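Engineer: Before we start, here is the structure in question, set down as structure tokens.
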Amino acid sequence: KTPVNALDSECQGDAGVGILVGTSSGVAAKVSITQNTVVNYQKAGIMCWEVGTSCTISGNYISPALGAGATNAPNGIELMYDGTGTVTGNVVHANVCSISGVCGTDLVNQQQSCGIMTYEASSNVNMTGNYLTGDDIGICLGVDPGRISTSGNMVNGSTYAGIEVYDESQTVSGNTISNLQYGIVPISDASNFPATVHYSDTFNSVSTSCYPLQ
């Protein structure tokens, strides 16, 4: 298992994913993705997924292609399907979905883009010290079986919400959430996956600090 390091580079692509890390069955990958500029992607800036994948993602600037949201729901950083990792000190900007009839204000039945997203990620994901600005939702946590540590992040100017917790229970603390409508949104749309959030965060110019949906 040799660490793979992406250092001091610029990555531009006209479609798809900027940086993708995945593993085959029975294979482990430990990857460091540090100090990159990842721009002009359509779907995801940095994606880490599958069992055995562990990513250290730090100090990157991540922003999608202008107009990418018209055909995709771009996300800045994704940890998915049993992938795990540490996400620290990144600047993630302007992940917005504008697909007509697909994306919109309904946080349960329509799609939105996320600055950082976990979905069925492995335990021990740690995200701290990130600056997320101008995304639809700053941080999206979805159907993760274990604890996701979310602290010390700054979320500013999201279209809809600062942090969304979807069909899972989490504790979020020490984040600063500013200049948006909903601070934290727990969403339960499956009876066997209730959403519960314990939070201790700072809210500035936020209309509603916690807005539960079903």
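Following the order of the structure tokens, chains are lettered A, B, ..., residues in each are numbered from 1, and ligands are numbered from 1.
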Which residues, written as a PyMOL selection string, have at least one atom at most 9 Å from range 148-160 of chain A, with only C-alpha atoms counted and residues fewer than 3 positions away on the same chain left out?

Structural biologist: chain A and resi 88-89+94+96+105+107+112+118+121-139+141+144+163+170-183+201

Engineer: Would you list the contacts of Gly85 in chain A as a list in words, taking every protein, DNA or RNA residue within 6 Å and counting only C-alpha atoms, but skipping same-chain residues closer than 3 positions in sequence?

Structural biologist: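 In the requested form, the answer reads Ser54, Cys55, Thr56 and Val125 of chain A.
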
Engineer: Export, as a PDB file, in the first residue's frame, the selected residues with N, CA, C and O atoms.

Structural biologist:
```
ATOM      1  N   SER A  54      -8.989   5.141   1.648  1.00  0.00           N
ATOM      2  CA  SER A  54      -8.839   6.164   2.680  1.00  0.00           C
ATOM      3  C   SER A  54      -8.114   7.353   2.067  1.00  0.00           C
ATOM      4  O   SER A  54      -7.005   7.210   1.546  1.00  0.00           O
ATOM      5  N   CYS A  55      -8.744   8.516   2.118  1.00  0.00           N
ATOM      6  CA  CYS A  55      -8.188   9.721   1.486  1.00  0.00           C
ATOM      7  C   CYS A  55      -7.919  10.805   2.525  1.00  0.00           C
ATOM      8  O   CYS A  55      -8.774  11.087   3.371  1.00  0.00           O
ATOM      9  N   THR A  56      -6.759  11.410   2.448  1.00  0.00           N
ATOM     10  CA  THR A  56      -6.470  12.639   3.169  1.00  0.00           C
ATOM     11  C   THR A  56      -6.568  13.776   2.161  1.00  0.00           C
ATOM     12  O   THR A  56      -5.766  13.855   1.232  1.00  0.00           O
ATOM     13  N   VAL A 125     -14.732   9.191   9.395  1.00  0.00           N
ATOM     14  CA  VAL A 125     -14.525  10.349   8.532  1.00  0.00           C
ATOM     15  C   VAL A 125     -14.410  11.589   9.427  1.00  0.00           C
ATOM     16  O   VAL A 125     -15.199  11.789  10.349  1.00  0.00           O
TER      17      VAL A 125
END
```

Engineer: Looking at A:Asn90, A:Ala68, A:Trp49, A:Pro74, which one is nearest to Tyr119 in chain A, with distances taken over only C-alpha atoms?

Structural biologist: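 Checking each candidate against Tyr119 in chain A, we get A:Trp49 as the closest.
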
Engineer: For CA of Ser24 in chain A and CA of Asn95 in chain A, quote the distance in Å rounded to one decimal.

Structural biologist: 29.0 Å

Engineer: Report the distance between CA of Gly59 in chain A and CA of Pro186 in chain A in Å, rounded to one decimal place.

Structural biologist: 28.4 Å

Engineer: Might you pull out every residue within 8 Å of Ile116 in chain A, with only C-alpha atoms counted and same-chain residues fewer than 5 positions away left off, and present them as a list in words?

Structural biologist: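 Listing them by chain and then by number gives Asn75, Gly76, Ile77, Glu78, Val92, Gly138, Ile139 and Cys140 of chain A.
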
Engineer: Please dump the current selection as a short mmCIF file (atom, residue, chain, number, x, y, z; two decimals), in the first residue's frame; keep all heavy atoms.

Structural biologist:
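This is the output file part.cif:
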```cif
data_model
loop_
_atom_site.label_atom_id
_atom_site.label_comp_id
_atom_site.auth_asym_id
_atom_site.auth_seq_id
_atom_site.Cartn_x
_atom_site.Cartn_y
_atom_site.Cartn_z
N ASN A 75 -20.82 18.25 -6.94
CA ASN A 75 -20.41 18.27 -5.54
C ASN A 75 -18.90 18.48 -5.48
O ASN A 75 -18.15 17.96 -6.32
CB ASN A 75 -20.76 16.96 -4.84
CG ASN A 75 -22.27 16.69 -4.88
OD1 ASN A 75 -23.06 17.52 -4.48
ND2 ASN A 75 -22.65 15.51 -5.35
N GLY A 76 -18.45 19.21 -4.48
CA GLY A 76 -17.02 19.50 -4.39
C GLY A 76 -16.19 18.28 -4.01
O GLY A 76 -15.29 17.87 -4.74
N ILE A 77 -16.49 17.70 -2.84
CA ILE A 77 -15.77 16.53 -2.33
C ILE A 77 -16.80 15.47 -1.96
O ILE A 77 -17.78 15.75 -1.27
CB ILE A 77 -14.92 16.89 -1.10
CG1 ILE A 77 -13.85 17.94 -1.46
CG2 ILE A 77 -14.28 15.64 -0.50
CD1 ILE A 77 -13.11 18.50 -0.27
N GLU A 78 -16.57 14.23 -2.39
CA GLU A 78 -17.47 13.13 -2.07
C GLU A 78 -16.69 11.98 -1.44
O GLU A 78 -15.68 11.55 -1.98
CB GLU A 78 -18.16 12.60 -3.33
CG GLU A 78 -19.05 13.61 -4.04
CD GLU A 78 -19.72 13.02 -5.28
OE1 GLU A 78 -19.45 11.83 -5.60
OE2 GLU A 78 -20.51 13.73 -5.93
N VAL A 92 -14.04 25.25 -0.79
CA VAL A 92 -14.97 24.64 -1.76
C VAL A 92 -16.04 25.68 -2.08
O VAL A 92 -16.68 26.22 -1.18
CB VAL A 92 -15.61 23.36 -1.18
CG1 VAL A 92 -16.48 22.70 -2.23
CG2 VAL A 92 -14.53 22.40 -0.69
N GLY A 138 -23.74 23.42 2.28
CA GLY A 138 -22.32 23.34 2.57
C GLY A 138 -21.83 21.92 2.77
O GLY A 138 -20.92 21.45 2.10
N ILE A 139 -22.44 21.21 3.74
CA ILE A 139 -22.05 19.84 4.08
C ILE A 139 -23.29 18.96 4.07
O ILE A 139 -24.29 19.28 4.72
CB ILE A 139 -21.37 19.78 5.45
CG1 ILE A 139 -20.07 20.60 5.44
CG2 ILE A 139 -21.10 18.34 5.87
CD1 ILE A 139 -19.44 20.77 6.81
N CYS A 140 -23.23 17.84 3.35
CA CYS A 140 -24.35 16.89 3.26
C CYS A 140 -23.88 15.54 3.80
O CYS A 140 -22.92 14.97 3.27
CB CYS A 140 -24.81 16.72 1.82
SG CYS A 140 -25.32 18.24 1.00
#
```

Engineer: With a cut-off of 12 Å, could you pull out the residues of range 33-149 of chain A touching range 211-214 of chain A and give me the nearest pair of atoms for each, distance in Å to one decimal, using only C-alpha atoms, ordered by chain and ascending number, as JSON lines?

Structural biologist:
```
{"residue": "A:Asp106", "atom": "CA", "partner": "A:Leu213", "partner_atom": "CA", "distance": 10.1}
{"residue": "A:Leu107", "atom": "CA", "partner": "A:Leu213", "partner_atom": "CA", "distance": 8.3}
{"residue": "A:Val108", "atom": "CA", "partner": "A:Gln214", "partner_atom": "CA", "distance": 7.5}
{"residue": "A:Asn109", "atom": "CA", "partner": "A:Gln214", "partner_atom": "CA", "distance": 10.3}
```

Engineer: Pick out the residues sitting within 8 Å of Ser169 in chain A, and hand them over as a list in words; count only C-alpha atoms, and ignore anything fewer than 3 positions along from it in its own chain.

Structural biologist: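 Result of the neighbour search: Val165, Pro194, Ala195, Thr196 and Val197 of chain A.
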
Engineer: Quick one: write out the picked residues with C-alpha atoms as a JSON list (two decimals), in the first residue's frame?

Structural biologist:
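Saved the output as result-v7.json:
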```json
[["chain", "number", "residue", "atom", "x", "y", "z"],
["A", 165, "VAL", "CA", -28.19, 15.26, 7.81],
["A", 194, "PRO", "CA", -34.60, 8.52, 11.52],
["A", 195, "ALA", "CA", -32.51, 11.69, 11.34],
["A", 196, "THR", "CA", -31.36, 13.21, 14.62],
["A", 197, "VAL", "CA", -28.78, 15.98, 15.03]]
```

Engineer: When distances are computed from only C-alpha atoms, which of A:Thr86, A:Ser63, A:Ser200, A:Ser209 shows the smallest separation from Gly162 in chain A?

Structural biologist: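 Checking each of A:Thr86, A:Ser63, A:Ser200, A:Ser209 against Gly162 in chain A, counting only C-alpha atoms, the winner is A:Ser209.
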
Engineer: Just the residues within 12 Å of Pro64 in chain A, please, counting only C-alpha atoms, with nothing from its chain fewer than 5 positions along; format it as a count of residues only.

Structural biologist: 37

Engineer: Select from range 52-131 of chain A everything DSSP, run on the backbone, classes as strand (DSSP E), then give the selection as JSON, numbers by chain.

Structural biologist: {"A": [53, 54, 55, 56, 57, 58, 61, 62, 63, 75, 76, 77, 78, 79, 80, 84, 85, 86, 87, 88, 91, 92, 93, 114, 115, 116, 117, 118, 119, 125, 126, 127, 128, 131]}
